[in-house]
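So this one's query_36.txt, compact mmCIF, C-alpha atoms and all ligand atoms:
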```txt
# COMPACT_ATOMS: atom_id res chain seq x y z
CA MET C 57 29.31 -125.81 53.63
CA THR C 58 32.13 -128.31 53.93
CA VAL C 59 31.82 -132.03 53.15
CA PHE C 60 32.42 -132.77 56.83
CA GLU C 61 29.53 -130.52 57.90
CA ARG C 62 27.33 -132.19 55.29
CA PHE C 63 28.10 -135.62 56.71
CA GLU C 64 27.26 -134.38 60.20
CA ARG C 65 23.89 -133.15 58.99
CA PHE C 66 23.34 -136.47 57.18
CA GLU C 67 23.99 -138.35 60.43
CA ARG C 68 21.71 -136.04 62.43
CA TRP C 69 18.84 -136.56 59.98
CA LEU C 70 19.37 -140.33 60.09
CA ALA C 71 18.92 -140.24 63.87
CA HIS C 72 15.41 -138.74 63.42
CA PRO C 73 12.46 -141.04 62.76
CA GLY C 74 10.05 -140.52 59.87
CA ALA C 75 9.97 -140.19 56.12
CA VAL C 76 10.81 -136.46 56.02
CA ALA C 77 14.03 -137.04 58.00
CA LEU C 78 14.94 -139.89 55.67
CA LEU C 79 14.31 -137.67 52.66
CA GLN C 80 16.48 -134.90 54.14
CA ALA C 81 19.23 -137.42 54.91
CA GLY C 82 19.05 -138.54 51.26
CA ARG C 83 19.44 -134.92 50.10
CA GLU C 84 22.47 -134.36 52.33
CA LEU C 85 24.10 -137.55 51.05
CA ARG C 86 23.38 -136.60 47.43
CA ALA C 87 24.93 -133.16 48.03
CA VAL C 88 28.13 -134.88 49.23
CA LEU C 89 28.30 -137.48 46.48
CA LEU C 90 27.09 -135.31 43.59
CA PRO C 91 27.83 -131.68 44.39
CA VAL C 92 25.66 -129.27 42.39
CA CYS C 93 25.41 -125.53 42.27
CA CYS C 94 22.84 -123.04 40.97
CA VAL C 95 23.15 -122.73 37.18
CA VAL C 96 22.42 -118.98 37.43
CA CYS C 97 24.41 -117.67 40.43
CA GLY C 98 26.68 -120.60 41.37
CA ARG C 99 25.35 -120.97 44.93
CA PRO C 100 26.05 -124.57 46.07
CA ASP C 101 23.62 -127.40 46.83
CA GLU C 102 20.83 -126.95 44.25
CA PRO C 103 20.69 -126.71 40.43
CA LEU C 104 18.52 -123.60 40.86
CA CYS C 105 18.56 -121.78 44.19
CA PRO C 106 15.27 -120.37 45.59
CA PRO C 107 16.13 -116.67 44.90
CA CYS C 108 17.04 -117.46 41.26
CA ALA C 109 13.93 -119.65 40.89
CA GLY C 110 11.84 -116.74 42.17
CA GLU C 111 13.52 -114.34 39.74
CA LEU C 112 12.91 -116.76 36.84
CA ARG C 113 9.25 -117.03 37.79
CA ARG C 114 8.86 -113.25 37.96
CA SER C 115 10.53 -112.84 34.54
CA THR C 116 7.99 -115.19 32.93
CA LEU C 117 4.80 -113.97 34.56
CA ARG C 118 3.70 -111.82 31.62
CA PRO C 119 3.95 -113.60 28.25
CA PHE C 120 4.10 -111.26 25.25
CA ASN C 121 3.97 -111.30 21.47
CA ALA C 122 7.60 -111.42 20.34
CA ALA C 123 6.90 -111.47 16.57
CA ALA C 124 8.15 -107.92 15.96
CA GLY C 125 11.71 -108.92 16.93
CA ALA C 126 11.99 -111.82 14.44
CA GLY C 127 12.34 -110.82 10.79
CA LEU C 128 11.95 -114.24 9.13
CA LEU C 129 8.56 -115.24 10.52
CA PRO C 130 5.90 -116.23 7.98
CA ALA C 131 2.64 -114.35 7.45
CA GLN C 132 -0.12 -114.85 9.99
CA CYS C 133 -2.53 -116.01 7.29
CA ALA C 134 -1.41 -118.44 4.60
CA ASP C 135 -3.30 -116.71 1.76
CA THR C 136 -2.26 -113.07 2.30
CA ASP C 137 -0.08 -111.30 -0.24
CA PRO C 138 3.25 -110.76 1.57
CA GLU C 139 3.99 -107.71 -0.57
CA GLU C 140 0.77 -105.92 0.34
CA ASP C 141 -0.36 -106.45 3.89
CA PHE C 142 2.17 -108.46 5.83
CA HIS C 143 1.37 -109.36 9.41
CA PRO C 144 3.85 -111.80 10.93
CA LEU C 145 2.67 -114.92 12.70
CA PRO C 146 2.14 -113.98 16.37
CA VAL C 147 4.64 -115.76 18.64
CA THR C 148 3.79 -115.78 22.33
CA ALA C 149 6.96 -115.89 24.44
CA SER C 150 7.19 -116.67 28.16
CA GLY C 151 10.13 -114.30 28.63
CA TYR C 152 13.27 -112.82 27.11
CA TYR C 153 16.29 -114.96 26.30
CA ARG C 154 18.61 -113.32 28.80
CA SER C 155 19.99 -113.62 32.36
CA GLY C 156 18.36 -116.38 34.44
CA LEU C 157 15.97 -117.72 31.80
CA ALA C 158 18.77 -118.04 29.22
CA ARG C 159 21.06 -119.84 31.67
CA VAL C 160 18.38 -122.24 32.85
CA LEU C 161 17.37 -123.03 29.26
CA LEU C 162 21.00 -123.62 28.26
CA ALA C 163 21.59 -125.83 31.30
CA CYS C 164 18.48 -127.87 30.48
CA LYS C 165 19.33 -128.07 26.76
CA ASN C 166 23.07 -128.57 26.67
CA HIS C 167 24.37 -129.47 30.12
CA GLY C 168 22.17 -132.38 31.10
CA HIS C 169 20.15 -130.54 33.77
CA THR C 170 16.95 -132.31 32.75
CA GLY C 171 15.45 -131.68 36.21
CA LEU C 172 15.15 -127.99 35.24
CA ALA C 173 12.33 -128.98 32.86
CA ALA C 174 10.14 -128.81 35.97
CA VAL C 175 11.08 -125.12 36.39
CA LEU C 176 10.58 -124.24 32.71
CA ALA C 177 7.26 -126.08 32.37
CA PRO C 178 5.16 -123.56 34.35
CA ALA C 179 6.78 -120.70 32.39
CA LEU C 180 5.84 -122.32 29.08
CA ALA C 181 2.36 -123.15 30.41
CA ARG C 182 1.72 -119.45 31.15
CA ALA C 183 2.59 -118.65 27.51
CA LEU C 184 0.29 -121.44 26.28
CA HIS C 185 -2.61 -119.95 28.24
CA ALA C 186 -1.81 -116.50 26.80
CA VAL C 187 -1.90 -117.67 23.14
CA PRO C 188 -4.79 -116.01 21.25
CA GLY C 189 -7.75 -118.43 21.14
CA SER C 190 -6.21 -120.75 23.72
CA GLY C 191 -8.81 -122.69 25.72
CA SER C 192 -11.67 -121.79 23.36
CA GLY C 193 -11.57 -124.88 21.13
CA PRO C 194 -9.50 -127.82 19.93
CA LEU C 195 -5.91 -126.81 19.24
CA VAL C 196 -3.09 -129.19 18.37
CA LEU C 197 0.29 -128.15 19.77
CA VAL C 198 3.04 -129.29 17.39
CA PRO C 199 6.61 -128.96 18.73
CA VAL C 200 9.53 -128.22 16.43
CA PRO C 201 11.48 -131.50 16.55
CA GLY C 202 15.08 -131.65 17.72
CA SER C 203 17.48 -132.77 14.99
CA ALA C 204 18.90 -136.31 14.98
CA ARG C 205 22.31 -134.77 15.48
CA ALA C 206 21.18 -132.91 18.63
CA TRP C 207 19.52 -136.09 19.89
CA ARG C 208 22.77 -138.04 19.48
CA ARG C 209 24.70 -135.34 21.33
CA ARG C 210 22.25 -134.86 24.22
CA GLY C 211 20.45 -138.18 24.45
CA TYR C 212 17.14 -136.37 24.97
CA ASP C 213 14.91 -133.69 23.40
CA PRO C 214 14.66 -130.78 25.90
CA LEU C 215 11.46 -129.30 24.43
CA ARG C 216 9.75 -132.70 24.49
CA LEU C 217 10.82 -133.09 28.12
CA ILE C 218 9.42 -129.69 29.10
CA LEU C 219 6.15 -130.29 27.22
CA ARG C 220 5.72 -133.69 28.83
CA THR C 221 6.10 -132.01 32.24
CA VAL C 222 3.46 -129.43 31.22
CA ASP C 223 1.10 -132.21 30.08
CA HIS C 224 1.64 -134.52 33.07
CA GLY C 225 1.25 -131.58 35.45
CA GLY C 226 -2.20 -130.86 33.99
CA LEU C 227 -1.03 -127.41 32.85
CA LEU C 228 -2.23 -127.58 29.23
CA PRO C 229 -5.11 -125.21 28.38
CA ARG C 230 -8.50 -126.84 27.80
CA GLY C 231 -8.87 -128.36 24.33
CA MET C 232 -5.11 -128.39 23.65
CA ARG C 233 -3.26 -131.61 22.93
CA ILE C 234 0.35 -132.29 21.94
CA GLU C 235 1.12 -134.16 18.73
CA TYR C 236 4.56 -134.74 17.25
CA LEU C 237 3.57 -134.25 13.62
CA LEU C 238 6.78 -132.71 12.29
CA GLY C 239 9.82 -134.62 11.13
CA TYR C 240 12.96 -133.86 9.15
CA ARG C 241 13.17 -134.98 5.56
CA ARG C 242 16.16 -136.99 4.47
CA LEU C 243 18.16 -134.52 2.42
CA PRO C 244 20.74 -135.51 -0.19
CA LEU C 245 24.23 -135.89 1.27
CA ALA C 246 25.56 -132.65 -0.27
CA ALA C 247 22.66 -130.64 1.19
CA ARG C 248 23.22 -132.24 4.59
CA TRP C 249 26.87 -131.22 4.55
CA ALA C 250 25.91 -127.68 3.54
CA ALA C 251 23.34 -127.56 6.36
CA ARG C 252 25.91 -128.55 8.97
CA GLY C 253 27.89 -125.33 8.37
CA PRO C 254 30.82 -124.37 10.59
CA GLY C 255 28.69 -123.94 13.74
CA GLY C 256 25.39 -125.48 12.64
CA GLN C 257 22.36 -123.18 12.34
CA LYS C 258 23.76 -120.99 15.13
CA GLY C 259 26.71 -119.73 13.11
CA LEU C 260 24.66 -118.59 10.12
CA GLY C 261 23.32 -115.17 9.17
CA ALA C 262 19.58 -114.53 8.84
CA ARG C 263 19.31 -115.09 5.08
CA ALA C 264 21.52 -118.18 5.20
CA ARG C 265 19.40 -119.60 8.02
CA ARG C 266 16.25 -119.32 5.94
CA THR C 267 17.89 -120.99 2.93
CA ASN C 268 19.42 -123.58 5.23
CA VAL C 269 16.17 -124.79 6.80
CA HIS C 270 13.80 -124.33 3.83
CA GLY C 271 12.26 -127.64 2.81
CA SER C 272 13.90 -129.52 5.69
CA MET C 273 10.67 -130.48 7.49
CA SER C 274 7.61 -132.52 6.63
CA ALA C 275 4.24 -132.93 8.36
CA GLY C 276 2.60 -135.52 6.10
CA GLY C 277 0.99 -135.57 2.67
CA PRO C 278 -1.05 -132.71 1.16
CA GLY C 279 -4.45 -132.45 2.87
CA SER C 280 -3.58 -134.89 5.67
CA LEU C 281 -4.05 -132.12 8.26
CA GLN C 282 -6.95 -130.35 6.51
CA GLY C 283 -9.05 -128.37 8.98
CA VAL C 284 -6.72 -129.00 11.94
CA SER C 285 -5.91 -125.91 14.02
CA VAL C 286 -2.25 -125.99 14.97
CA LEU C 287 -0.04 -124.09 17.37
CA VAL C 288 3.70 -124.45 16.71
CA ALA C 289 5.99 -124.64 19.77
CA ASP C 290 9.75 -124.09 20.00
CA ASP C 291 12.19 -123.33 22.81
CA VAL C 292 13.87 -120.12 21.60
CA LEU C 293 12.83 -117.55 18.97
CA THR C 294 15.69 -115.80 17.18
CA THR C 295 15.08 -114.91 13.51
CA GLY C 296 11.95 -117.06 13.16
CA ALA C 297 13.46 -119.16 10.32
CA THR C 298 12.87 -122.49 12.09
CA ILE C 299 9.27 -121.64 12.98
CA ALA C 300 8.72 -120.44 9.39
CA GLU C 301 9.84 -123.83 8.07
CA ALA C 302 7.62 -125.68 10.58
CA VAL C 303 4.65 -123.53 9.53
CA ARG C 304 5.41 -124.09 5.82
CA ALA C 305 5.44 -127.89 6.30
CA LEU C 306 2.25 -127.87 8.38
CA ARG C 307 0.41 -125.59 5.94
CA ALA C 308 1.55 -127.78 3.05
CA ALA C 309 -0.26 -130.65 4.81
CA GLY C 310 -3.40 -128.49 5.08
CA ALA C 311 -3.12 -127.39 8.73
CA ASP C 312 -4.46 -124.04 9.87
CA VAL C 313 -1.52 -122.40 11.69
CA THR C 314 -2.27 -119.00 13.18
CA CYS C 315 0.20 -118.68 16.02
CA ALA C 316 3.33 -120.06 17.69
CA VAL C 317 4.69 -120.20 21.21
CA VAL C 318 8.24 -120.18 22.60
CA ILE C 319 9.81 -120.23 26.05
CA ALA C 320 12.19 -117.36 25.32
CA ALA C 321 12.53 -114.63 22.68
CA ALA C 322 16.11 -113.68 21.84
CA ARG C 323 15.41 -110.16 20.65
CA SER C 324 13.46 -107.44 22.37
CA PRO C 325 10.24 -106.81 20.50
CA SER C 326 9.48 -103.19 19.64
CA ARG C 327 6.01 -103.55 21.07
CA ARG C 328 4.44 -105.70 23.73
CA GLU C 329 0.95 -107.17 23.62
ZN ZN B 1 21.02 -118.97 42.18
```
Could you express the structure from this file as structure tokens?
Amino acid sequence: MTVFERFERFERWLAHPGAVALLQAGRELRAVLLPVCCVVCGRPDEPLCPPCAGELRRSTLRPFNAAAGAGLLPAQCADTDPEEDFHPLPVTASGYYRSGLARVLLACKNHGHTGLAAVLAPALARALHAVPGSGSGPLVLVPVPGSARAWRRRGYDPLRLILRTVDHGGLLPRGMRIEYLLGYRRLPLAARWAARGPGGQKGLGARARRTNVHGSMSAGGPGSLQGVSVLVADDVLTTGATIAEAVRALRAAGADVTCAVVIAAARSPSRRE
């Protein structure tokens, strides 16, 4: 649609009485002044067109356990011998990190499309309801915090934004509450430079990622979370190194962490649950 046609529609809506007409006129004017297009298919006028929104919804209808695809996840139980009977921490994922879901997540994370949090929130909520034990008792959801560097670059924390939309929309399972218990420790300058790497965490191999993040987070003093059941939340699961560090910090504070949840899993799991 051309700008001229848009203006014509804007004028037509203005001629109509009522709030709906005014709202439509506002949309037409916004489309002229701030042209947007679908972050998945490029269709003009909306950040996510209805067909792509429908496809995204369908791709996140059946959350699954993505733990088998992430080799650096910690053990499900803190006191098991990793050499003997290793069961990775279950990680419930809303969908796979590919096609529409990957593009929408990237747009929300790195390209300022904060409005897409409203699209990702129901997807994450479905995963939260699918977490083992969800809704059956008190469970504290602890998000992996965004780094200070990411905050400076983006000006917002995408996961926090999505979780706030879940919470305000009344989509949290019964008994679940969100608490921001994790923070990054201040590392010595040399360690901070090493952690930056050439492309940050993204550019590192699996083993380097684990070394890179180990000891970087804190959740309070020993015993401060004794007896608290915790669910760790992150946006994307790749190797599991970040979730492993979050779980280590929370367990060090005494929390009982038995599962995690993510919006998208980067690798296909070998089995679905
Ligand atoms: Zn589209």
Near segment 88-95 of chain C, counting all atoms listed in the file, which residues have an atom at most 12 Å away, once you skip same-chain residues fewer than 4 positions from it, shown as an NGL selection string?
:C and (57-66 or 81-84 or 99-109 or 112 or 155-164 or 167-169 or 171-172)
Non-local contacts of Pro130 of chain C (12 Å; all atoms listed in the file; under 3 positions in same chain excluded) as an NGL selection string
:C and (123-124 or 126-127 or 133-138 or 142-147 or 266 or 295-305 or 307 or 313-316)
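The closest residue to ligand ZN 1 (chain B), picked from C:Ile234, C:Ala77, C:Val286, C:Val96 and counting all atoms listed in the file, is C:Val96.
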Take atom CA of Leu128 of chain C and atom CA of Ser272 of chain C and report the distance between them in Å, one decimal.
15.8 Å
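Atom pair atom CA of Ser150 of chain C / atom CA of Ala311 of chain C: separated by 24.5 Å.
Candidate residues C:Ala131, C:Leu78, C:Ala186, C:Cys97 were compared for distance to ligand ZN 1 (chain B), and the nearest is C:Cys97, using all atoms listed in the file.
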